[in-house]
Amino acid sequence: MKIAIASGKGGTGKTTLAVNLAASAPMPICLLDCDVEEPNAHLFIRAENIQRHPEGVFVPVIDTDRCTLCGKCEAICRFSALVIIGKRLLAYPEMCHACLGCMRICPEEAISPGERILGDVLSGSFGPHQLIWGEMRVGEAMSPPLIEAVQRMAPEDRPLLLDSPPGTSCPMIAAIRDCDFVVLVTEPTSFGLHDLTLAVETARHLKIPCGIVVNRAEKGNTQIQDYAALEDIPVLLEIPFRRSYAESYSRGEKLIDTDPALRKAFTGLWDIIIKKAEDQKTRRAS
Amino acid sequence: MKELVILSGKGGTGKTSISAAFAHLAPSRILVDADVDAANLHLVVPHKVFSSEAFSGGILPELDLTLCTDCGTCVGICAFHAIKDTHPPEIDPVYCEGCGICHDFCPAGAIGLKPRISGTWFHSSTAEGPMLHARLGIAEENSGKLVSMLRKRAGELGRQGEYPIILVDGPPGIGCPVIASLTGADLVLMVTEPTLSGRHDMLRLAKLCARMRIPVCLTLNKWDLNPEMAHAMEEEARSRGMEILSSIPFDTEMTKAMAAGRSLTEVSSGPASQALMQLWQEVLSLLEKQQKSSDGGLLIMESLKQETIP
Ligand code: SF4
Ligand code: SF4
Ligand code: SF4
Ligand code: SF4
């Protein structure tokens, strides 16, 4: 079972929800922080026995002795990662998407697979749970391969809770596309609502059922609830706005430690999402 | 003409609210919303769209079932598992990277390639000058290319008209759209919050800016939520060669302005609004100073230092 926490807009409380939900899980789970550009979950969860594995991706290595400069690889590469300049074939590894087209097309077998390090995948444990996260190398543009690497490390014997990167484009899609349920975190502002509608469209496009958590909820401000009712999406939880929550967040503390009353709310949330995800799994199977 | 890019690393730190205030305070500027994934600036900057255009940043393969012999070559060759092993095969655009090699290797010539429309971009007018913004399609990629295109258009407009400043509201993170919004810019204003995660993300973004040799100035939004952390972050930023500008206090007027669809400086004269006016003056003088310095570099970056960030 794989449950994603996502939001169109950044900073709505995705990580807050992920770490608090993880820490109040009724069974051993694994939290996957897929926001590899700016991973934050490990700042709130002090994992133990941390292991770090560098993660690489294919890049072409050219054997200049074999290369006849025929230009076939340059022509097949749609990402301009191979260019012939004068009497030399140059590779730009940062542009490469690892489609392997150049290697397959080269008539001289002059291209062999090399590796470029994208970042690290880290894993550790907290209580009965596991935390796995990715850390993209600064300066690297493409996060999806690292997001996939984080997911490949996930254990199979327990539910997975996945903290997705913000937005609705490739990194977010790479994180949520094969999840059973997605929890969309938003806040009751015009920005929050606007980006929530994009996230809902994305989830629907991917055919993943979703529910909404309203963070920083205020009395009398029902714009999110109204939208949810209109779209027939369940509102799973409302976390009120409190300055004390914001302050404890700033210190890297979990909400359930600041306000133990919330622990119950998060356990309740687990019951709902497990049921929703199981329903989806049976629906998929049939 | 100078280009200021407003970035945050972490999302939701008030970047767009600050961009909107600057957009209102600048008498004449070009505005670019480079957060094409979750574009919000148009919600708080009154504008009129006068043209929109489809954006295509890549290609999408198209299967011609009348030609396909169901040989299965494409299924095995697609490195992104975007072609489902059904009979006949089926291409899933959600997984497709647009590498086009299925087209190149299909023995029956059954796979064509067409441009993939991945979004729409808009040219709008506002009281203080043009605004360029976009909407990336659902589950589409190439946000970096879209950002580069918007900035290129802004540059062209800037060279034609009387606009001394291009203001860019940047995307979150440090990946491809951020790199696309930074390349060749004059100054980065980093907007962050005094939180443990804000600090972590600030350091990663600072490293990227240093590597790209772009000077950075910093403002802390809602600094009073954790004054100790705010102070420590400013010290850290200073030691990395960033210029520290005025910080902005927590002020509920910020959300009210957002709800009203206006910039804070337009509707409020409260403490955050005051701070933003001060901040804008500071940013302006930094941009000006930069113009005068002969080597083009204003701040000495402690660049390319490979320290690990906890
Ligand atoms: S693997 Fe694909 S993207 Fe990379 S260089 Fe070769 S053809 Fe270009
Ligand atoms: S396809 Fe092979 S031989 Fe031809 S230019 Fe590329 S590497 Fe050289
Ligand atoms: S490679 Fe071409 S002919 Fe073979 S299954 Fe794919 S589309 Fe059909
Ligand atoms: S274009 Fe590339 S990624 Fe897309 S289906 Fe064809 S081989 Fe796969």
# chains A, B, ... in the order shown; residues from 1 in each chain; ligands from 1
call {"tool": "closest_atom_pairs", "arguments": {"of": "chain B", "to": "ligand 1", "cutoff": "12 Å", "atoms": "only C-alpha atoms and all ligand atoms", "output": "Markdown table"}}
result
| residue | atom | partner | partner_atom_place_in_ligand_line | distance |
| --- | --- | --- | --- | --- |
| B:Ile77 | CA | ligand 1 | 2 (Fe) | 11.6 |
| B:Cys78 | CA | ligand 1 | 2 (Fe) | 10.7 |
| B:Ala79 | CA | ligand 1 | 2 (Fe) | 9.4 |
| B:Phe80 | CA | ligand 1 | 2 (Fe) | 11.3 |
| B:Glu97 | CA | ligand 1 | 3 (S) | 9.9 |
| B:Gly98 | CA | ligand 1 | 3 (S) | 9.9 |
| B:Cys99 | CA | ligand 1 | 2 (Fe) | 6.8 |
| B:Gly100 | CA | ligand 1 | 2 (Fe) | 9.3 |
| B:Ile101 | CA | ligand 1 | 7 (S) | 8.3 |
| B:Cys102 | CA | ligand 1 | 2 (Fe) | 11.7 |
| B:Asp104 | CA | ligand 1 | 7 (S) | 11.2 |
call {"tool": "write_last_selection", "arguments": {"atoms": "N, CA, C and O atoms", "output": "PDB file, in the first residue's frame"}}
result
ATOM      1  N   ILE B  77      12.494  -1.366 -25.883  1.00  0.00           N
ATOM      2  CA  ILE B  77      13.493  -0.324 -26.103  1.00  0.00           C
ATOM      3  C   ILE B  77      13.268   0.923 -25.263  1.00  0.00           C
ATOM      4  O   ILE B  77      14.194   1.690 -24.999  1.00  0.00           O
ATOM      5  N   CYS B  78      12.039   1.128 -24.830  1.00  0.00           N
ATOM      6  CA  CYS B  78      11.726   2.349 -24.084  1.00  0.00           C
ATOM      7  C   CYS B  78      12.318   2.253 -22.680  1.00  0.00           C
ATOM      8  O   CYS B  78      11.918   1.419 -21.881  1.00  0.00           O
ATOM      9  N   ALA B  79      13.293   3.106 -22.408  1.00  0.00           N
ATOM     10  CA  ALA B  79      13.994   3.053 -21.130  1.00  0.00           C
ATOM     11  C   ALA B  79      13.130   3.566 -19.980  1.00  0.00           C
ATOM     12  O   ALA B  79      13.511   3.482 -18.822  1.00  0.00           O
ATOM     13  N   PHE B  80      11.984   4.125 -20.292  1.00  0.00           N
ATOM     14  CA  PHE B  80      11.151   4.736 -19.252  1.00  0.00           C
ATOM     15  C   PHE B  80       9.880   3.936 -18.974  1.00  0.00           C
ATOM     16  O   PHE B  80       8.974   4.414 -18.308  1.00  0.00           O
ATOM     17  N   GLU B  97       9.149  10.224 -21.777  1.00  0.00           N
ATOM     18  CA  GLU B  97      10.107  11.324 -21.642  1.00  0.00           C
ATOM     19  C   GLU B  97      10.297  12.084 -22.946  1.00  0.00           C
ATOM     20  O   GLU B  97      11.042  13.050 -22.991  1.00  0.00           O
ATOM     21  N   GLY B  98       9.734  11.582 -24.004  1.00  0.00           N
ATOM     22  CA  GLY B  98       9.888  12.256 -25.293  1.00  0.00           C
ATOM     23  C   GLY B  98      11.256  12.059 -25.922  1.00  0.00           C
ATOM     24  O   GLY B  98      11.767  12.951 -26.598  1.00  0.00           O
ATOM     25  N   CYS B  99      11.869  10.889 -25.709  1.00  0.00           N
ATOM     26  CA  CYS B  99      13.200  10.665 -26.283  1.00  0.00           C
ATOM     27  C   CYS B  99      13.109  10.289 -27.760  1.00  0.00           C
ATOM     28  O   CYS B  99      14.078  10.418 -28.503  1.00  0.00           O
ATOM     29  N   GLY B 100      11.944   9.796 -28.172  1.00  0.00           N
ATOM     30  CA  GLY B 100      11.718   9.513 -29.585  1.00  0.00           C
ATOM     31  C   GLY B 100      12.373   8.252 -30.119  1.00  0.00           C
ATOM     32  O   GLY B 100      12.263   7.963 -31.305  1.00  0.00           O
ATOM     33  N   ILE B 101      13.052   7.462 -29.283  1.00  0.00           N
ATOM     34  CA  ILE B 101      13.764   6.322 -29.861  1.00  0.00           C
ATOM     35  C   ILE B 101      12.834   5.177 -30.270  1.00  0.00           C
ATOM     36  O   ILE B 101      13.180   4.361 -31.107  1.00  0.00           O
ATOM     37  N   CYS B 102      11.617   5.155 -29.714  1.00  0.00           N
ATOM     38  CA  CYS B 102      10.652   4.152 -30.173  1.00  0.00           C
ATOM     39  C   CYS B 102      10.357   4.386 -31.663  1.00  0.00           C
ATOM     40  O   CYS B 102      10.238   3.445 -32.439  1.00  0.00           O
ATOM     41  N   ASP B 104      12.445   5.831 -33.763  1.00  0.00           N
ATOM     42  CA  ASP B 104      13.641   5.515 -34.534  1.00  0.00           C
ATOM     43  C   ASP B 104      13.837   4.016 -34.762  1.00  0.00           C
ATOM     44  O   ASP B 104      14.390   3.605 -35.775  1.00  0.00           O
TER      45      ASP B 104
END
call {"tool": "interface_residues", "arguments": {"of": "chain A", "to": "chain B", "cutoff": "7 Å", "atoms": "only C-alpha atoms", "output": "JSON, numbers by chain"}}
result
{"A": [8, 9, 10, 11, 12, 37, 38, 40, 43, 78, 99, 101, 138, 139, 140, 141, 142, 143, 167, 168, 169, 170, 173, 189, 190, 191, 195, 201, 202, 247, 249, 250, 251, 252]}
call {"tool": "write_last_selection", "arguments": {"atoms": "N, CA, C and O atoms", "output": "compact mmCIF listing (two decimals), in the first residue's frame"}}
result
# COMPACT_ATOMS: atom_id res chain seq x y z
N GLY A 8 -0.26 21.16 -4.53
CA GLY A 8 0.23 21.92 -5.67
C GLY A 8 1.21 22.96 -5.21
O GLY A 8 2.33 23.08 -5.71
N LYS A 9 0.82 23.69 -4.19
CA LYS A 9 1.63 24.79 -3.68
C LYS A 9 2.62 24.28 -2.64
O LYS A 9 2.29 23.38 -1.87
N GLY A 10 3.78 24.85 -2.62
CA GLY A 10 4.75 24.49 -1.60
C GLY A 10 4.42 25.19 -0.29
O GLY A 10 3.69 26.17 -0.26
N GLY A 11 4.96 24.65 0.80
CA GLY A 11 4.82 25.31 2.09
C GLY A 11 3.45 25.27 2.71
O GLY A 11 3.14 26.05 3.60
N THR A 12 2.59 24.34 2.26
CA THR A 12 1.26 24.28 2.87
C THR A 12 1.23 23.37 4.09
O THR A 12 0.25 23.33 4.80
N GLU A 37 14.80 17.69 -3.92
CA GLU A 37 15.48 18.99 -4.09
C GLU A 37 15.67 19.66 -2.73
O GLU A 37 16.68 20.27 -2.46
N GLU A 38 14.63 19.58 -1.92
CA GLU A 38 14.68 20.18 -0.59
C GLU A 38 14.08 19.21 0.42
O GLU A 38 12.99 19.43 0.93
N ASN A 40 13.10 17.59 3.80
CA ASN A 40 12.99 18.18 5.14
C ASN A 40 12.56 17.19 6.22
O ASN A 40 12.73 17.47 7.39
N LEU A 43 14.64 16.35 9.17
CA LEU A 43 14.93 17.38 10.17
C LEU A 43 14.00 17.24 11.37
O LEU A 43 14.30 17.70 12.47
N ARG A 78 17.55 13.61 -28.66
CA ARG A 78 16.60 14.72 -28.72
C ARG A 78 16.80 15.71 -27.59
O ARG A 78 16.01 16.62 -27.40
N CYS A 99 18.18 7.77 -22.28
CA CYS A 99 17.26 6.96 -23.10
C CYS A 99 18.00 5.81 -23.78
O CYS A 99 17.38 4.90 -24.31
N GLY A 101 19.48 5.74 -26.50
CA GLY A 101 19.35 5.76 -27.96
C GLY A 101 20.69 5.82 -28.67
O GLY A 101 20.93 5.10 -29.65
N VAL A 138 23.56 19.46 -5.49
CA VAL A 138 23.26 20.85 -5.87
C VAL A 138 23.84 21.13 -7.25
O VAL A 138 25.00 20.80 -7.51
N GLY A 139 23.02 21.70 -8.12
CA GLY A 139 23.46 21.98 -9.47
C GLY A 139 22.88 21.00 -10.47
O GLY A 139 22.92 21.22 -11.67
N GLU A 140 22.33 19.91 -9.94
CA GLU A 140 21.71 18.89 -10.79
C GLU A 140 20.29 19.35 -11.14
O GLU A 140 19.58 19.87 -10.29
N ALA A 141 19.89 19.19 -12.40
CA ALA A 141 18.57 19.69 -12.81
C ALA A 141 17.47 18.65 -12.70
O ALA A 141 16.34 18.97 -12.37
N MET A 142 17.81 17.38 -12.96
CA MET A 142 16.74 16.38 -13.09
C MET A 142 16.52 15.58 -11.83
O MET A 142 17.36 14.77 -11.44
N SER A 143 15.37 15.78 -11.19
CA SER A 143 15.11 15.05 -9.97
C SER A 143 14.37 13.71 -10.16
O SER A 143 14.54 12.82 -9.33
N GLY A 167 4.27 21.24 -6.49
CA GLY A 167 4.00 21.43 -7.90
C GLY A 167 3.14 20.32 -8.47
O GLY A 167 2.62 19.47 -7.73
N THR A 168 3.00 20.32 -9.79
CA THR A 168 2.20 19.29 -10.44
C THR A 168 2.91 18.78 -11.69
O THR A 168 2.31 18.17 -12.54
N SER A 169 4.24 19.06 -11.82
CA SER A 169 4.91 18.59 -13.03
C SER A 169 5.77 17.37 -12.75
O SER A 169 5.56 16.67 -11.77
N CYS A 170 6.78 17.12 -13.60
CA CYS A 170 7.45 15.82 -13.56
C CYS A 170 7.88 15.30 -12.20
O CYS A 170 7.64 14.14 -11.90
N ILE A 173 4.77 14.08 -10.38
CA ILE A 173 4.19 12.93 -11.07
C ILE A 173 5.02 11.67 -10.80
O ILE A 173 4.49 10.60 -10.51
N THR A 189 -6.30 29.89 1.52
CA THR A 189 -6.00 31.18 0.91
C THR A 189 -6.30 31.02 -0.57
O THR A 189 -6.46 29.90 -1.06
N SER A 190 -6.30 32.14 -1.30
CA SER A 190 -6.59 32.04 -2.73
C SER A 190 -5.50 31.24 -3.43
O SER A 190 -5.77 30.48 -4.36
N PHE A 191 -4.23 31.39 -2.98
CA PHE A 191 -3.14 30.61 -3.57
C PHE A 191 -3.36 29.12 -3.30
O PHE A 191 -3.22 28.27 -4.18
N ASP A 195 -3.96 26.29 -6.27
CA ASP A 195 -3.03 25.20 -6.51
C ASP A 195 -3.64 23.85 -6.14
O ASP A 195 -3.28 22.82 -6.71
N GLU A 201 -6.83 18.05 -10.21
CA GLU A 201 -6.88 17.67 -11.63
C GLU A 201 -5.80 16.64 -11.94
O GLU A 201 -6.02 15.69 -12.70
N THR A 202 -4.63 16.84 -11.36
CA THR A 202 -3.52 15.91 -11.59
C THR A 202 -3.87 14.52 -11.05
O THR A 202 -3.69 13.52 -11.74
N GLU A 247 5.50 28.25 15.67
CA GLU A 247 6.75 28.40 16.42
C GLU A 247 7.42 27.05 16.67
O GLU A 247 8.64 26.93 16.57
N TYR A 249 7.08 24.40 14.86
CA TYR A 249 7.59 23.96 13.55
C TYR A 249 8.95 24.58 13.28
O TYR A 249 9.88 23.91 12.81
N SER A 250 9.05 25.87 13.61
CA SER A 250 10.31 26.57 13.31
C SER A 250 11.49 25.95 14.06
O SER A 250 12.62 26.01 13.61
N ARG A 251 11.18 25.33 15.21
CA ARG A 251 12.27 24.69 15.98
C ARG A 251 12.50 23.25 15.55
O ARG A 251 13.33 22.56 16.11
N GLY A 252 11.73 22.79 14.58
CA GLY A 252 11.90 21.42 14.09
C GLY A 252 11.21 20.40 14.98
O GLY A 252 11.62 19.25 15.06
call {"tool": "residues_around", "arguments": {"residues": "Pro54 of chain A", "least_positions_apart": "3", "cutoff": "9 Å", "atoms": "only C-alpha atoms", "output": "PyMOL selection string"}}
result
chain A and resi 117-122
call {"tool": "write_last_selection", "arguments": {"atoms": "C-alpha atoms", "output": "PDB file, in the first residue's frame"}}
result
ATOM      1  CA  ILE A 117      26.094  10.775  -9.624  1.00  0.00           C
ATOM      2  CA  LEU A 118      22.722  12.473  -9.141  1.00  0.00           C
ATOM      3  CA  GLY A 119      22.732  12.541  -5.378  1.00  0.00           C
ATOM      4  CA  ASP A 120      22.324  10.222  -2.453  1.00  0.00           C
ATOM      5  CA  VAL A 121      19.594   7.987  -1.155  1.00  0.00           C
ATOM      6  CA  LEU A 122      19.628   7.839   2.643  1.00  0.00           C
TER       7      LEU A 122
END
call {"tool": "residues_near_ligand", "arguments": {"ligand": "ligand 2", "cutoff": "10 Å", "atoms": "only C-alpha atoms and all ligand atoms", "output": "PyMOL selection string"}}
result
chain A and resi 60-76+82-84+88-91+101-112
call {"tool": "write_last_selection", "arguments": {"atoms": "N, CA and C atoms", "output": "short mmCIF file (atom, residue, chain, number, x, y, z; two decimals), in the first residue's frame"}}
result
data_model
loop_
_atom_site.label_atom_id
_atom_site.label_comp_id
_atom_site.auth_asym_id
_atom_site.auth_seq_id
_atom_site.Cartn_x
_atom_site.Cartn_y
_atom_site.Cartn_z
N PRO A 60 26.53 8.61 -21.53
CA PRO A 60 27.33 7.96 -22.57
C PRO A 60 28.82 8.26 -22.40
N VAL A 61 29.65 7.23 -22.59
CA VAL A 61 31.10 7.41 -22.60
C VAL A 61 31.58 7.09 -24.01
N ILE A 62 32.31 8.01 -24.59
CA ILE A 62 32.68 7.84 -26.01
C ILE A 62 34.10 7.32 -26.15
N ASP A 63 34.24 6.31 -26.96
CA ASP A 63 35.56 5.77 -27.27
C ASP A 63 36.02 6.46 -28.56
N THR A 64 36.90 7.44 -28.39
CA THR A 64 37.27 8.28 -29.55
C THR A 64 38.04 7.48 -30.61
N ASP A 65 38.67 6.37 -30.18
CA ASP A 65 39.40 5.56 -31.17
C ASP A 65 38.44 4.87 -32.14
N ARG A 66 37.28 4.46 -31.61
CA ARG A 66 36.32 3.77 -32.46
C ARG A 66 35.42 4.73 -33.25
N CYS A 67 35.14 5.89 -32.67
CA CYS A 67 34.17 6.81 -33.26
C CYS A 67 34.65 7.32 -34.63
N THR A 68 33.76 7.21 -35.61
CA THR A 68 34.09 7.67 -36.97
C THR A 68 33.44 9.02 -37.27
N LEU A 69 32.82 9.61 -36.23
CA LEU A 69 32.12 10.88 -36.38
C LEU A 69 31.00 10.82 -37.42
N CYS A 70 30.30 9.69 -37.45
CA CYS A 70 29.24 9.54 -38.44
C CYS A 70 28.02 10.42 -38.14
N GLY A 71 27.88 10.83 -36.86
CA GLY A 71 26.80 11.76 -36.50
C GLY A 71 25.47 11.11 -36.19
N LYS A 72 25.41 9.77 -36.20
CA LYS A 72 24.12 9.11 -35.94
C LYS A 72 23.64 9.36 -34.51
N CYS A 73 24.56 9.35 -33.56
CA CYS A 73 24.15 9.55 -32.17
C CYS A 73 23.68 10.99 -31.96
N GLU A 74 24.37 11.92 -32.57
CA GLU A 74 23.98 13.33 -32.44
C GLU A 74 22.55 13.52 -32.96
N ALA A 75 22.26 12.83 -34.06
CA ALA A 75 20.94 12.97 -34.68
C ALA A 75 19.84 12.33 -33.84
N ILE A 76 20.15 11.23 -33.18
CA ILE A 76 19.08 10.55 -32.44
C ILE A 76 18.81 11.20 -31.09
N LEU A 82 24.64 15.29 -27.16
CA LEU A 82 25.81 14.89 -27.95
C LEU A 82 25.93 15.85 -29.13
N VAL A 83 27.09 16.43 -29.27
CA VAL A 83 27.28 17.42 -30.34
C VAL A 83 28.65 17.20 -30.98
N ILE A 84 28.67 17.20 -32.31
CA ILE A 84 29.95 17.13 -32.98
C ILE A 84 30.41 18.55 -33.28
N ARG A 88 35.44 16.61 -33.27
CA ARG A 88 35.27 15.96 -31.98
C ARG A 88 33.81 15.76 -31.64
N LEU A 89 33.50 14.64 -31.01
CA LEU A 89 32.16 14.40 -30.51
C LEU A 89 32.18 14.73 -29.02
N LEU A 90 31.33 15.70 -28.65
CA LEU A 90 31.29 16.10 -27.24
C LEU A 90 30.01 15.62 -26.58
N ALA A 91 30.13 15.16 -25.34
CA ALA A 91 28.94 14.76 -24.58
C ALA A 91 28.69 15.78 -23.47
N GLY A 101 19.48 5.74 -26.50
CA GLY A 101 19.35 5.76 -27.96
C GLY A 101 20.69 5.82 -28.67
N CYS A 102 21.61 6.65 -28.16
CA CYS A 102 22.91 6.82 -28.82
C CYS A 102 23.69 5.51 -28.82
N MET A 103 23.59 4.81 -27.67
CA MET A 103 24.35 3.57 -27.55
C MET A 103 23.82 2.51 -28.52
N ARG A 104 22.50 2.51 -28.65
CA ARG A 104 21.87 1.52 -29.54
C ARG A 104 22.15 1.83 -31.01
N ILE A 105 22.22 3.10 -31.36
CA ILE A 105 22.32 3.44 -32.77
C ILE A 105 23.75 3.41 -33.30
N CYS A 106 24.72 3.55 -32.43
CA CYS A 106 26.11 3.70 -32.89
C CYS A 106 26.58 2.44 -33.64
N PRO A 107 26.93 2.58 -34.91
CA PRO A 107 27.33 1.41 -35.70
C PRO A 107 28.71 0.88 -35.30
N GLU A 108 29.50 1.68 -34.61
CA GLU A 108 30.88 1.28 -34.29
C GLU A 108 31.04 0.79 -32.85
N GLU A 109 29.95 0.70 -32.14
CA GLU A 109 30.00 0.37 -30.70
C GLU A 109 30.99 1.27 -29.97
N ALA A 110 30.95 2.54 -30.30
CA ALA A 110 31.89 3.49 -29.71
C ALA A 110 31.35 4.11 -28.43
N ILE A 111 30.09 3.80 -28.09
CA ILE A 111 29.51 4.40 -26.88
C ILE A 111 29.25 3.31 -25.85
N SER A 112 29.77 3.53 -24.66
CA SER A 112 29.54 2.56 -23.60
C SER A 112 28.91 3.28 -22.40
#
call {"tool": "select_by_dssp", "arguments": {"residues": "segment 79-269 of chain B", "states": "strand (DSSP E)", "output": "MDAnalysis selection string"}}
result
chainID B and resid 83:84 90:91 111:126 129:136 165:169 187:192 216:220 243:244
call {"tool": "write_last_selection", "arguments": {"atoms": "C-alpha atoms", "output": "PDB file, in the first residue's frame"}}
result
ATOM      1  CA  ILE B  83       5.081   1.535 -23.557  1.00  0.00           C
ATOM      2  CA  LYS B  84       2.784  -1.066 -22.084  1.00  0.00           C
ATOM      3  CA  GLU B  90       0.064   1.202 -25.760  1.00  0.00           C
ATOM      4  CA  ILE B  91       1.995   4.407 -25.037  1.00  0.00           C
ATOM      5  CA  ILE B 111       5.352   5.374 -34.528  1.00  0.00           C
ATOM      6  CA  GLY B 112       5.106   9.003 -35.537  1.00  0.00           C
ATOM      7  CA  LEU B 113       6.206  11.978 -33.495  1.00  0.00           C
ATOM      8  CA  LYS B 114       4.163  15.077 -32.872  1.00  0.00           C
ATOM      9  CA  PRO B 115       4.885  18.154 -30.763  1.00  0.00           C
ATOM     10  CA  ARG B 116       3.737  17.726 -27.191  1.00  0.00           C
ATOM     11  CA  ILE B 117       1.726  20.717 -26.020  1.00  0.00           C
ATOM     12  CA  SER B 118       2.774  21.091 -22.440  1.00  0.00           C
ATOM     13  CA  GLY B 119       1.252  24.393 -21.452  1.00  0.00           C
ATOM     14  CA  THR B 120      -0.008  27.831 -22.347  1.00  0.00           C
ATOM     15  CA  TRP B 121       1.737  31.118 -21.842  1.00  0.00           C
ATOM     16  CA  PHE B 122       0.189  34.541 -21.527  1.00  0.00           C
ATOM     17  CA  HIS B 123       1.228  38.098 -22.229  1.00  0.00           C
ATOM     18  CA  SER B 124      -0.773  40.436 -20.017  1.00  0.00           C
ATOM     19  CA  SER B 125      -0.785  44.111 -19.224  1.00  0.00           C
ATOM     20  CA  THR B 126      -0.776  45.604 -15.739  1.00  0.00           C
ATOM     21  CA  GLY B 129       4.067  47.228 -17.273  1.00  0.00           C
ATOM     22  CA  PRO B 130       3.701  43.848 -18.951  1.00  0.00           C
ATOM     23  CA  MET B 131       3.373  40.540 -17.157  1.00  0.00           C
ATOM     24  CA  LEU B 132       4.409  37.215 -18.686  1.00  0.00           C
ATOM     25  CA  HIS B 133       2.966  34.124 -17.079  1.00  0.00           C
ATOM     26  CA  ALA B 134       2.093  30.574 -17.988  1.00  0.00           C
ATOM     27  CA  ARG B 135       0.182  27.527 -17.065  1.00  0.00           C
ATOM     28  CA  LEU B 136       1.823  24.166 -17.385  1.00  0.00           C
ATOM     29  CA  ILE B 165      13.759  46.110 -14.410  1.00  0.00           C
ATOM     30  CA  ILE B 166      12.616  42.547 -14.967  1.00  0.00           C
ATOM     31  CA  LEU B 167      11.100  41.025 -11.831  1.00  0.00           C
ATOM     32  CA  VAL B 168      10.959  37.235 -11.799  1.00  0.00           C
ATOM     33  CA  ASP B 169       8.885  35.302  -9.267  1.00  0.00           C
ATOM     34  CA  LEU B 187      20.569  39.421  -8.549  1.00  0.00           C
ATOM     35  CA  VAL B 188      18.686  36.871  -6.475  1.00  0.00           C
ATOM     36  CA  LEU B 189      16.505  37.874  -3.565  1.00  0.00           C
ATOM     37  CA  MET B 190      16.103  34.862  -1.335  1.00  0.00           C
ATOM     38  CA  VAL B 191      12.928  34.864   0.739  1.00  0.00           C
ATOM     39  CA  THR B 192      12.980  32.441   3.594  1.00  0.00           C
ATOM     40  CA  VAL B 216      22.308  36.839  -3.451  1.00  0.00           C
ATOM     41  CA  CYS B 217      20.563  39.053  -0.934  1.00  0.00           C
ATOM     42  CA  LEU B 218      18.383  37.655   1.815  1.00  0.00           C
ATOM     43  CA  THR B 219      15.182  38.606   3.581  1.00  0.00           C
ATOM     44  CA  LEU B 220      13.554  36.648   6.385  1.00  0.00           C
ATOM     45  CA  GLU B 243      23.822  40.681   1.641  1.00  0.00           C
ATOM     46  CA  ILE B 244      21.338  40.784   4.535  1.00  0.00           C
TER      47      ILE B 244
END
